[in-house]
file model_26.cif (mmCIF, N, CA and C atoms and all ligand atoms)
data_entry
loop_
_atom_site.label_atom_id
_atom_site.label_comp_id
_atom_site.auth_asym_id
_atom_site.auth_seq_id
_atom_site.Cartn_x
_atom_site.Cartn_y
_atom_site.Cartn_z
N MET A 276 -14.95 0.17 -12.57
CA MET A 276 -14.06 -0.05 -11.43
C MET A 276 -12.76 -0.69 -11.91
N LEU A 277 -11.66 -0.04 -11.57
CA LEU A 277 -10.37 -0.54 -12.07
C LEU A 277 -9.88 -1.73 -11.26
N ILE A 278 -9.95 -1.60 -9.94
CA ILE A 278 -9.51 -2.71 -9.08
C ILE A 278 -10.70 -3.13 -8.23
N GLU A 279 -11.03 -4.39 -8.30
CA GLU A 279 -12.13 -4.87 -7.47
C GLU A 279 -11.55 -5.44 -6.18
N TRP A 280 -12.06 -4.94 -5.05
CA TRP A 280 -11.54 -5.44 -3.78
C TRP A 280 -12.11 -6.83 -3.52
N THR A 281 -11.23 -7.79 -3.31
CA THR A 281 -11.70 -9.13 -2.95
C THR A 281 -10.86 -9.59 -1.76
N ASP A 282 -11.34 -10.64 -1.09
CA ASP A 282 -10.60 -11.13 0.07
C ASP A 282 -9.21 -11.64 -0.30
N SER A 283 -9.00 -11.93 -1.57
CA SER A 283 -7.66 -12.41 -1.97
C SER A 283 -6.61 -11.30 -1.80
N LEU A 284 -7.07 -10.05 -1.61
CA LEU A 284 -6.13 -8.95 -1.40
C LEU A 284 -5.81 -8.75 0.09
N LEU A 285 -6.52 -9.46 0.95
CA LEU A 285 -6.25 -9.31 2.39
C LEU A 285 -4.90 -9.91 2.74
N VAL A 286 -4.12 -9.18 3.54
CA VAL A 286 -2.82 -9.74 3.96
C VAL A 286 -2.87 -10.22 5.42
N GLY A 287 -3.96 -9.92 6.12
CA GLY A 287 -4.12 -10.46 7.48
C GLY A 287 -3.65 -9.55 8.59
N HIS A 288 -3.28 -8.32 8.26
CA HIS A 288 -2.94 -7.34 9.30
C HIS A 288 -3.95 -6.21 9.18
N GLN A 289 -4.64 -5.94 10.30
CA GLN A 289 -5.79 -5.03 10.25
C GLN A 289 -5.49 -3.65 9.64
N ARG A 290 -4.43 -3.03 10.15
CA ARG A 290 -4.14 -1.67 9.67
C ARG A 290 -3.64 -1.68 8.22
N ILE A 291 -2.81 -2.66 7.86
CA ILE A 291 -2.33 -2.73 6.46
C ILE A 291 -3.54 -2.94 5.54
N ASP A 292 -4.44 -3.85 5.93
CA ASP A 292 -5.60 -4.10 5.08
C ASP A 292 -6.51 -2.88 4.97
N SER A 293 -6.67 -2.15 6.06
CA SER A 293 -7.56 -0.98 5.94
C SER A 293 -6.89 0.11 5.11
N ASP A 294 -5.56 0.26 5.20
CA ASP A 294 -4.85 1.19 4.31
C ASP A 294 -5.04 0.77 2.85
N HIS A 295 -4.87 -0.53 2.59
CA HIS A 295 -4.98 -1.02 1.22
C HIS A 295 -6.38 -0.77 0.65
N LYS A 296 -7.38 -1.01 1.50
CA LYS A 296 -8.76 -0.79 1.03
C LYS A 296 -8.97 0.68 0.66
N ALA A 297 -8.46 1.57 1.53
CA ALA A 297 -8.61 3.00 1.26
C ALA A 297 -7.88 3.39 -0.03
N LEU A 298 -6.72 2.76 -0.27
CA LEU A 298 -5.97 3.05 -1.50
C LEU A 298 -6.75 2.59 -2.73
N VAL A 299 -7.36 1.41 -2.63
CA VAL A 299 -8.15 0.90 -3.77
C VAL A 299 -9.30 1.86 -4.08
N ILE A 300 -9.97 2.35 -3.04
CA ILE A 300 -11.08 3.29 -3.26
C ILE A 300 -10.58 4.52 -4.01
N MET A 301 -9.42 5.04 -3.59
CA MET A 301 -8.91 6.26 -4.23
C MET A 301 -8.39 6.00 -5.64
N ILE A 302 -7.78 4.84 -5.87
CA ILE A 302 -7.29 4.51 -7.23
C ILE A 302 -8.49 4.40 -8.17
N ASN A 303 -9.57 3.76 -7.69
CA ASN A 303 -10.78 3.66 -8.52
C ASN A 303 -11.39 5.04 -8.76
N ARG A 304 -11.33 5.88 -7.73
CA ARG A 304 -11.88 7.24 -7.88
C ARG A 304 -11.08 8.02 -8.93
N LEU A 305 -9.77 7.83 -8.90
CA LEU A 305 -8.91 8.50 -9.89
C LEU A 305 -9.25 8.03 -11.30
N HIS A 306 -9.42 6.72 -11.44
CA HIS A 306 -9.74 6.15 -12.74
C HIS A 306 -11.06 6.72 -13.25
N GLU A 307 -12.07 6.74 -12.37
CA GLU A 307 -13.38 7.28 -12.79
C GLU A 307 -13.29 8.75 -13.15
N ALA A 308 -12.51 9.50 -12.36
CA ALA A 308 -12.38 10.94 -12.62
C ALA A 308 -11.76 11.17 -14.00
N ILE A 309 -10.78 10.34 -14.37
CA ILE A 309 -10.14 10.52 -15.67
C ILE A 309 -11.11 10.12 -16.79
N LEU A 310 -11.82 8.99 -16.59
CA LEU A 310 -12.78 8.54 -17.62
C LEU A 310 -13.88 9.57 -17.85
N SER A 311 -14.34 10.18 -16.75
CA SER A 311 -15.45 11.12 -16.89
C SER A 311 -14.96 12.54 -17.18
N GLU A 312 -13.67 12.65 -17.47
CA GLU A 312 -13.07 13.94 -17.82
C GLU A 312 -13.37 15.03 -16.80
N THR A 313 -13.24 14.63 -15.54
CA THR A 313 -13.37 15.59 -14.45
C THR A 313 -12.25 16.64 -14.59
N GLY A 314 -12.48 17.80 -14.06
CA GLY A 314 -11.48 18.87 -14.19
C GLY A 314 -10.10 18.47 -13.70
N ARG A 315 -9.09 19.03 -14.34
CA ARG A 315 -7.72 18.66 -14.02
C ARG A 315 -7.35 18.94 -12.56
N ALA A 316 -7.92 20.02 -12.01
CA ALA A 316 -7.56 20.37 -10.62
C ALA A 316 -7.99 19.25 -9.67
N THR A 317 -9.19 18.70 -9.91
CA THR A 317 -9.68 17.61 -9.04
C THR A 317 -8.81 16.37 -9.21
N ILE A 318 -8.49 16.05 -10.46
CA ILE A 318 -7.67 14.85 -10.72
C ILE A 318 -6.30 15.01 -10.06
N SER A 319 -5.75 16.18 -10.20
CA SER A 319 -4.44 16.43 -9.60
C SER A 319 -4.51 16.31 -8.07
N GLU A 320 -5.61 16.79 -7.51
CA GLU A 320 -5.81 16.67 -6.07
C GLU A 320 -5.84 15.19 -5.63
N ILE A 321 -6.57 14.37 -6.41
CA ILE A 321 -6.66 12.94 -6.08
C ILE A 321 -5.26 12.30 -6.17
N ILE A 322 -4.52 12.65 -7.22
CA ILE A 322 -3.19 12.04 -7.40
C ILE A 322 -2.28 12.44 -6.23
N HIS A 323 -2.32 13.70 -5.84
CA HIS A 323 -1.46 14.13 -4.73
C HIS A 323 -1.89 13.48 -3.41
N PHE A 324 -3.19 13.33 -3.24
CA PHE A 324 -3.69 12.65 -2.04
C PHE A 324 -3.21 11.20 -2.02
N LEU A 325 -3.34 10.53 -3.18
CA LEU A 325 -2.90 9.14 -3.29
C LEU A 325 -1.40 9.00 -3.02
N ALA A 326 -0.65 9.95 -3.54
CA ALA A 326 0.81 9.91 -3.33
C ALA A 326 1.10 10.03 -1.84
N GLU A 327 0.44 10.95 -1.18
CA GLU A 327 0.64 11.17 0.26
C GLU A 327 0.29 9.91 1.05
N GLN A 328 -0.85 9.30 0.69
CA GLN A 328 -1.28 8.07 1.38
C GLN A 328 -0.29 6.93 1.14
N THR A 329 0.25 6.89 -0.07
CA THR A 329 1.22 5.84 -0.41
C THR A 329 2.49 6.02 0.43
N TYR A 330 3.00 7.24 0.52
CA TYR A 330 4.21 7.49 1.32
C TYR A 330 3.96 7.08 2.78
N ARG A 331 2.83 7.52 3.32
CA ARG A 331 2.52 7.21 4.73
C ARG A 331 2.40 5.70 4.95
N HIS A 332 1.74 5.04 3.99
CA HIS A 332 1.54 3.60 4.10
C HIS A 332 2.89 2.86 4.09
N PHE A 333 3.76 3.26 3.19
CA PHE A 333 5.08 2.62 3.12
C PHE A 333 5.83 2.82 4.44
N MET A 334 5.76 4.04 4.97
CA MET A 334 6.47 4.31 6.24
C MET A 334 5.92 3.42 7.35
N PHE A 335 4.61 3.24 7.38
CA PHE A 335 4.03 2.39 8.42
C PHE A 335 4.49 0.94 8.26
N GLU A 336 4.44 0.43 7.02
CA GLU A 336 4.90 -0.96 6.80
C GLU A 336 6.38 -1.09 7.18
N GLU A 337 7.17 -0.09 6.85
CA GLU A 337 8.61 -0.17 7.15
C GLU A 337 8.84 -0.19 8.67
N TRP A 338 8.05 0.60 9.38
CA TRP A 338 8.15 0.59 10.84
C TRP A 338 7.78 -0.81 11.38
N LEU A 339 6.72 -1.39 10.82
CA LEU A 339 6.31 -2.74 11.24
C LEU A 339 7.42 -3.76 10.97
N MET A 340 8.03 -3.65 9.79
CA MET A 340 9.07 -4.62 9.41
C MET A 340 10.25 -4.54 10.36
N ILE A 341 10.65 -3.31 10.67
CA ILE A 341 11.84 -3.13 11.51
C ILE A 341 11.54 -3.55 12.96
N THR A 342 10.42 -3.10 13.49
CA THR A 342 10.13 -3.44 14.89
C THR A 342 9.82 -4.92 15.08
N ASN A 343 9.42 -5.60 14.01
CA ASN A 343 9.13 -7.04 14.13
C ASN A 343 10.21 -7.91 13.52
N GLU A 344 11.34 -7.30 13.18
CA GLU A 344 12.50 -8.03 12.63
C GLU A 344 12.10 -8.93 11.46
N PHE A 345 11.37 -8.36 10.52
CA PHE A 345 10.95 -9.12 9.34
C PHE A 345 12.19 -9.47 8.51
N PRO A 346 12.43 -10.76 8.23
CA PRO A 346 13.66 -11.14 7.52
C PRO A 346 13.75 -10.57 6.09
N GLY A 347 12.60 -10.30 5.46
CA GLY A 347 12.64 -9.77 4.09
C GLY A 347 12.61 -8.25 4.05
N ALA A 348 12.92 -7.61 5.20
CA ALA A 348 12.77 -6.14 5.29
C ALA A 348 13.61 -5.40 4.24
N GLN A 349 14.88 -5.82 4.09
CA GLN A 349 15.77 -5.07 3.19
C GLN A 349 15.23 -5.05 1.76
N GLU A 350 14.81 -6.22 1.28
CA GLU A 350 14.28 -6.30 -0.10
C GLU A 350 12.99 -5.48 -0.22
N HIS A 351 12.15 -5.60 0.80
CA HIS A 351 10.86 -4.89 0.76
C HIS A 351 11.09 -3.37 0.78
N LEU A 352 12.02 -2.94 1.62
CA LEU A 352 12.33 -1.51 1.68
C LEU A 352 12.87 -1.01 0.34
N THR A 353 13.72 -1.83 -0.30
CA THR A 353 14.27 -1.44 -1.60
C THR A 353 13.15 -1.28 -2.62
N LEU A 354 12.18 -2.19 -2.58
CA LEU A 354 11.04 -2.08 -3.51
C LEU A 354 10.23 -0.81 -3.25
N HIS A 355 10.01 -0.52 -1.95
CA HIS A 355 9.30 0.73 -1.62
C HIS A 355 10.08 1.93 -2.16
N ARG A 356 11.41 1.93 -1.96
CA ARG A 356 12.21 3.07 -2.42
C ARG A 356 12.08 3.27 -3.92
N SER A 357 12.09 2.16 -4.67
CA SER A 357 12.02 2.34 -6.12
C SER A 357 10.61 2.81 -6.54
N LEU A 358 9.56 2.38 -5.81
CA LEU A 358 8.21 2.89 -6.09
C LEU A 358 8.12 4.38 -5.76
N VAL A 359 8.76 4.77 -4.66
CA VAL A 359 8.75 6.19 -4.28
C VAL A 359 9.47 7.02 -5.35
N ASP A 360 10.59 6.49 -5.87
CA ASP A 360 11.31 7.21 -6.94
C ASP A 360 10.41 7.37 -8.17
N GLU A 361 9.70 6.28 -8.51
CA GLU A 361 8.80 6.34 -9.68
C GLU A 361 7.68 7.35 -9.45
N LEU A 362 7.17 7.35 -8.22
CA LEU A 362 6.07 8.26 -7.89
C LEU A 362 6.55 9.71 -7.92
N ASP A 363 7.75 9.96 -7.40
CA ASP A 363 8.31 11.32 -7.44
C ASP A 363 8.45 11.78 -8.89
N ALA A 364 8.94 10.86 -9.76
CA ALA A 364 9.13 11.21 -11.17
C ALA A 364 7.78 11.50 -11.83
N LEU A 365 6.77 10.72 -11.43
CA LEU A 365 5.44 10.91 -11.98
C LEU A 365 4.87 12.29 -11.59
N LEU A 366 5.04 12.63 -10.31
CA LEU A 366 4.54 13.94 -9.85
C LEU A 366 5.25 15.07 -10.58
N TYR A 367 6.54 14.85 -10.85
CA TYR A 367 7.31 15.86 -11.57
C TYR A 367 6.77 16.00 -13.00
N SER A 368 6.53 14.84 -13.67
CA SER A 368 6.06 14.95 -15.06
C SER A 368 4.64 15.51 -15.12
N MET A 369 3.88 15.36 -14.02
CA MET A 369 2.55 15.98 -14.00
C MET A 369 2.64 17.49 -14.07
N GLU A 370 3.72 18.01 -13.46
CA GLU A 370 3.90 19.48 -13.51
C GLU A 370 4.30 19.91 -14.92
N MET A 371 5.11 19.05 -15.58
CA MET A 371 5.67 19.41 -16.88
C MET A 371 4.69 19.17 -18.03
N ALA A 372 4.08 17.97 -18.04
CA ALA A 372 3.17 17.61 -19.15
C ALA A 372 1.96 16.88 -18.58
N PRO A 373 1.04 17.60 -17.96
CA PRO A 373 -0.06 16.98 -17.24
C PRO A 373 -0.90 16.00 -18.06
N ASP A 374 -1.14 16.33 -19.34
CA ASP A 374 -2.01 15.45 -20.14
C ASP A 374 -1.42 14.06 -20.30
N ASP A 375 -0.11 14.00 -20.58
CA ASP A 375 0.53 12.69 -20.78
C ASP A 375 0.61 11.92 -19.47
N ALA A 376 0.72 12.67 -18.37
CA ALA A 376 0.97 12.02 -17.09
C ALA A 376 -0.27 11.39 -16.47
N LEU A 377 -1.46 11.80 -16.91
CA LEU A 377 -2.67 11.31 -16.23
C LEU A 377 -2.85 9.80 -16.34
N LEU A 378 -2.78 9.30 -17.57
CA LEU A 378 -2.97 7.85 -17.73
C LEU A 378 -1.80 7.09 -17.12
N GLU A 379 -0.64 7.70 -17.24
CA GLU A 379 0.56 7.10 -16.63
C GLU A 379 0.34 6.95 -15.12
N ALA A 380 -0.34 7.93 -14.52
CA ALA A 380 -0.59 7.92 -13.08
C ALA A 380 -1.50 6.75 -12.71
N VAL A 381 -2.58 6.57 -13.46
CA VAL A 381 -3.51 5.47 -13.16
C VAL A 381 -2.77 4.14 -13.29
N THR A 382 -2.04 3.99 -14.39
CA THR A 382 -1.32 2.74 -14.63
C THR A 382 -0.33 2.48 -13.50
N PHE A 383 0.36 3.53 -13.08
CA PHE A 383 1.33 3.37 -12.00
C PHE A 383 0.66 2.87 -10.72
N PHE A 384 -0.40 3.55 -10.30
CA PHE A 384 -1.04 3.17 -9.03
C PHE A 384 -1.65 1.77 -9.12
N GLU A 385 -2.27 1.47 -10.25
CA GLU A 385 -2.87 0.15 -10.38
C GLU A 385 -1.79 -0.92 -10.32
N SER A 386 -0.71 -0.74 -11.08
CA SER A 386 0.26 -1.83 -11.15
C SER A 386 1.05 -1.95 -9.86
N TRP A 387 1.40 -0.82 -9.20
CA TRP A 387 2.15 -1.00 -7.94
C TRP A 387 1.26 -1.68 -6.92
N PHE A 388 -0.01 -1.29 -6.91
CA PHE A 388 -0.88 -1.85 -5.90
C PHE A 388 -1.04 -3.36 -6.12
N VAL A 389 -1.45 -3.73 -7.32
CA VAL A 389 -1.76 -5.13 -7.58
C VAL A 389 -0.52 -6.01 -7.41
N THR A 390 0.60 -5.62 -8.01
CA THR A 390 1.76 -6.51 -7.95
C THR A 390 2.41 -6.49 -6.56
N HIS A 391 2.55 -5.32 -5.98
CA HIS A 391 3.25 -5.23 -4.69
C HIS A 391 2.45 -5.87 -3.55
N VAL A 392 1.17 -5.59 -3.52
CA VAL A 392 0.35 -6.14 -2.42
C VAL A 392 0.30 -7.66 -2.50
N VAL A 393 0.03 -8.15 -3.69
CA VAL A 393 -0.14 -9.60 -3.83
C VAL A 393 1.17 -10.34 -3.59
N CYS A 394 2.28 -9.78 -4.04
CA CYS A 394 3.55 -10.52 -3.89
C CYS A 394 4.25 -10.21 -2.58
N GLU A 395 4.41 -8.94 -2.26
CA GLU A 395 5.29 -8.58 -1.15
C GLU A 395 4.54 -8.41 0.18
N ASP A 396 3.46 -7.64 0.16
CA ASP A 396 2.78 -7.35 1.42
C ASP A 396 2.14 -8.61 2.01
N LEU A 397 1.77 -9.52 1.14
CA LEU A 397 1.18 -10.77 1.62
C LEU A 397 2.20 -11.54 2.47
N GLN A 398 3.45 -11.55 2.04
CA GLN A 398 4.49 -12.23 2.82
C GLN A 398 4.69 -11.55 4.17
N LEU A 399 4.67 -10.23 4.15
CA LEU A 399 4.80 -9.48 5.40
C LEU A 399 3.62 -9.79 6.33
N GLY A 400 2.41 -9.79 5.78
CA GLY A 400 1.21 -10.07 6.57
C GLY A 400 1.29 -11.45 7.21
N ARG A 401 1.73 -12.44 6.43
CA ARG A 401 1.83 -13.80 6.98
C ARG A 401 2.84 -13.86 8.12
N TYR A 402 3.96 -13.17 7.91
CA TYR A 402 4.99 -13.15 8.94
C TYR A 402 4.46 -12.50 10.22
N LEU A 403 3.78 -11.37 10.07
CA LEU A 403 3.26 -10.65 11.25
C LEU A 403 2.21 -11.49 11.98
N SER A 404 1.38 -12.20 11.23
CA SER A 404 0.37 -13.05 11.87
C SER A 404 1.04 -14.16 12.66
N GLU A 405 2.10 -14.72 12.08
CA GLU A 405 2.82 -15.80 12.77
C GLU A 405 3.47 -15.27 14.05
N ARG A 406 4.07 -14.06 13.97
CA ARG A 406 4.68 -13.43 15.16
C ARG A 406 3.63 -13.24 16.25
N GLU A 407 2.45 -12.81 15.83
CA GLU A 407 1.37 -12.57 16.77
C GLU A 407 0.96 -13.87 17.46
N ARG A 408 0.86 -14.94 16.66
CA ARG A 408 0.50 -16.25 17.25
C ARG A 408 1.57 -16.70 18.24
N GLU A 409 2.85 -16.48 17.88
CA GLU A 409 3.95 -16.85 18.79
C GLU A 409 3.85 -16.09 20.11
N ARG A 410 3.55 -14.80 20.00
CA ARG A 410 3.42 -13.97 21.21
C ARG A 410 2.26 -14.49 22.08
N GLU A 411 1.16 -14.86 21.42
CA GLU A 411 0.01 -15.37 22.18
C GLU A 411 0.34 -16.70 22.86
N ARG A 412 1.09 -17.57 22.14
CA ARG A 412 1.48 -18.86 22.72
C ARG A 412 2.38 -18.63 23.93
N ALA A 413 3.34 -17.69 23.77
CA ALA A 413 4.28 -17.41 24.86
C ALA A 413 3.54 -16.85 26.06
N ALA A 414 2.56 -15.99 25.81
CA ALA A 414 1.80 -15.39 26.91
C ALA A 414 0.98 -16.46 27.62
N ALA A 415 0.44 -17.42 26.84
CA ALA A 415 -0.38 -18.49 27.45
C ALA A 415 0.49 -19.39 28.32
N VAL A 416 1.74 -19.65 27.86
CA VAL A 416 2.64 -20.52 28.63
C VAL A 416 3.05 -19.85 29.93
N SER A 417 3.33 -18.52 29.87
CA SER A 417 3.82 -17.85 31.07
C SER A 417 2.70 -17.39 32.02
N ALA A 418 1.45 -17.54 31.57
CA ALA A 418 0.33 -17.11 32.44
C ALA A 418 0.19 -18.09 33.62
N PRO A 419 -0.14 -17.58 34.80
CA PRO A 419 -0.31 -18.48 35.95
C PRO A 419 -1.52 -19.40 35.73
N PRO A 420 -1.46 -20.62 36.24
CA PRO A 420 -2.60 -21.54 36.04
C PRO A 420 -3.84 -21.00 36.73
N PRO A 421 -5.02 -21.26 36.16
CA PRO A 421 -6.25 -20.77 36.79
C PRO A 421 -6.44 -21.41 38.16
N SER A 422 -6.87 -20.64 39.13
CA SER A 422 -7.01 -21.20 40.50
C SER A 422 -8.45 -21.67 40.71
FE FE B 1 1.13 -2.23 1.37
FE FE B 2 4.84 -2.90 0.97
#
call {"tool": "encode", "arguments": {"input": "model_26.cif", "output": "structure tokens", "more": "lines below"}}
Ligand SMILES: [Fe+2]
Ligand SMILES: [Fe+2]
result
Amino acid sequence: MLIEWTDSLLVGHQRIDSDHKALVIMINRLHEAILSETGRATISEIIHFLAEQTYRHFMFEEWLMITNEFPGAQEHLTLHRSLVDELDALLYSMEMAPDDALLEAVTFFESWFVTHVVCEDLQLGRYLSERERERERAAAVSAPPPS
């Protein structure tokens, strides 16, 4: 297992955490497929699936950041853009030189996941949890007193 899921990876937002868990499962599956020398077509399928899930996940986080006025949105979006550029380049090199690109693919997914989630998504998760608590406090204050 390349990445072990532990609670230290939780960012505190249900959908972000479930996306992250699904990504970890697929990154580990990719790693195992490469170690066990599974056919290239299957490995390529996993990589393309992971890429698709990564793009969708980034779009969802970006929507959350914008709709919740996350102060670190610009920096976070820039980091997503540079990961997307790297991922696009990786998919391109898979077409050109698939053998060299396989290990590069595992390394890419592992390192973006571990560094980005722990450093950046955690801050977003904390901010969103705080916003949620504020909304709950505001709703409690404006609620009519129990009769
Ligand atoms: Fe994320
Ligand atoms: Fe992110």
call {"tool": "atom_distance", "arguments": {"input": "model_26.cif", "atom1": "atom N of Asp396 (chain A)", "atom2": "atom N of Leu277 (chain A)"}}
result
20.6 Å
call {"tool": "residues_near_ligand", "arguments": {"input": "model_26.cif", "ligand": "ligand FE 2 (chain B)", "cutoff": "12 Å", "atoms": "only C-alpha atoms and all ligand atoms", "output": "number ranges by chain"}}
result
A: 286, 291-292, 294-295, 329-340, 347-359, 387-400
call {"tool": "axis_aligned_box", "arguments": {"input": "model_26.cif", "around": "region 355-370 of chain A", "padding_each_side": "5 Å", "output": "JSON"}}
result
{"center_x": 7.4, "center_y": 9.7, "center_z": -8.4, "size_x": 19.7, "size_y": 30.4, "size_z": 23.5}
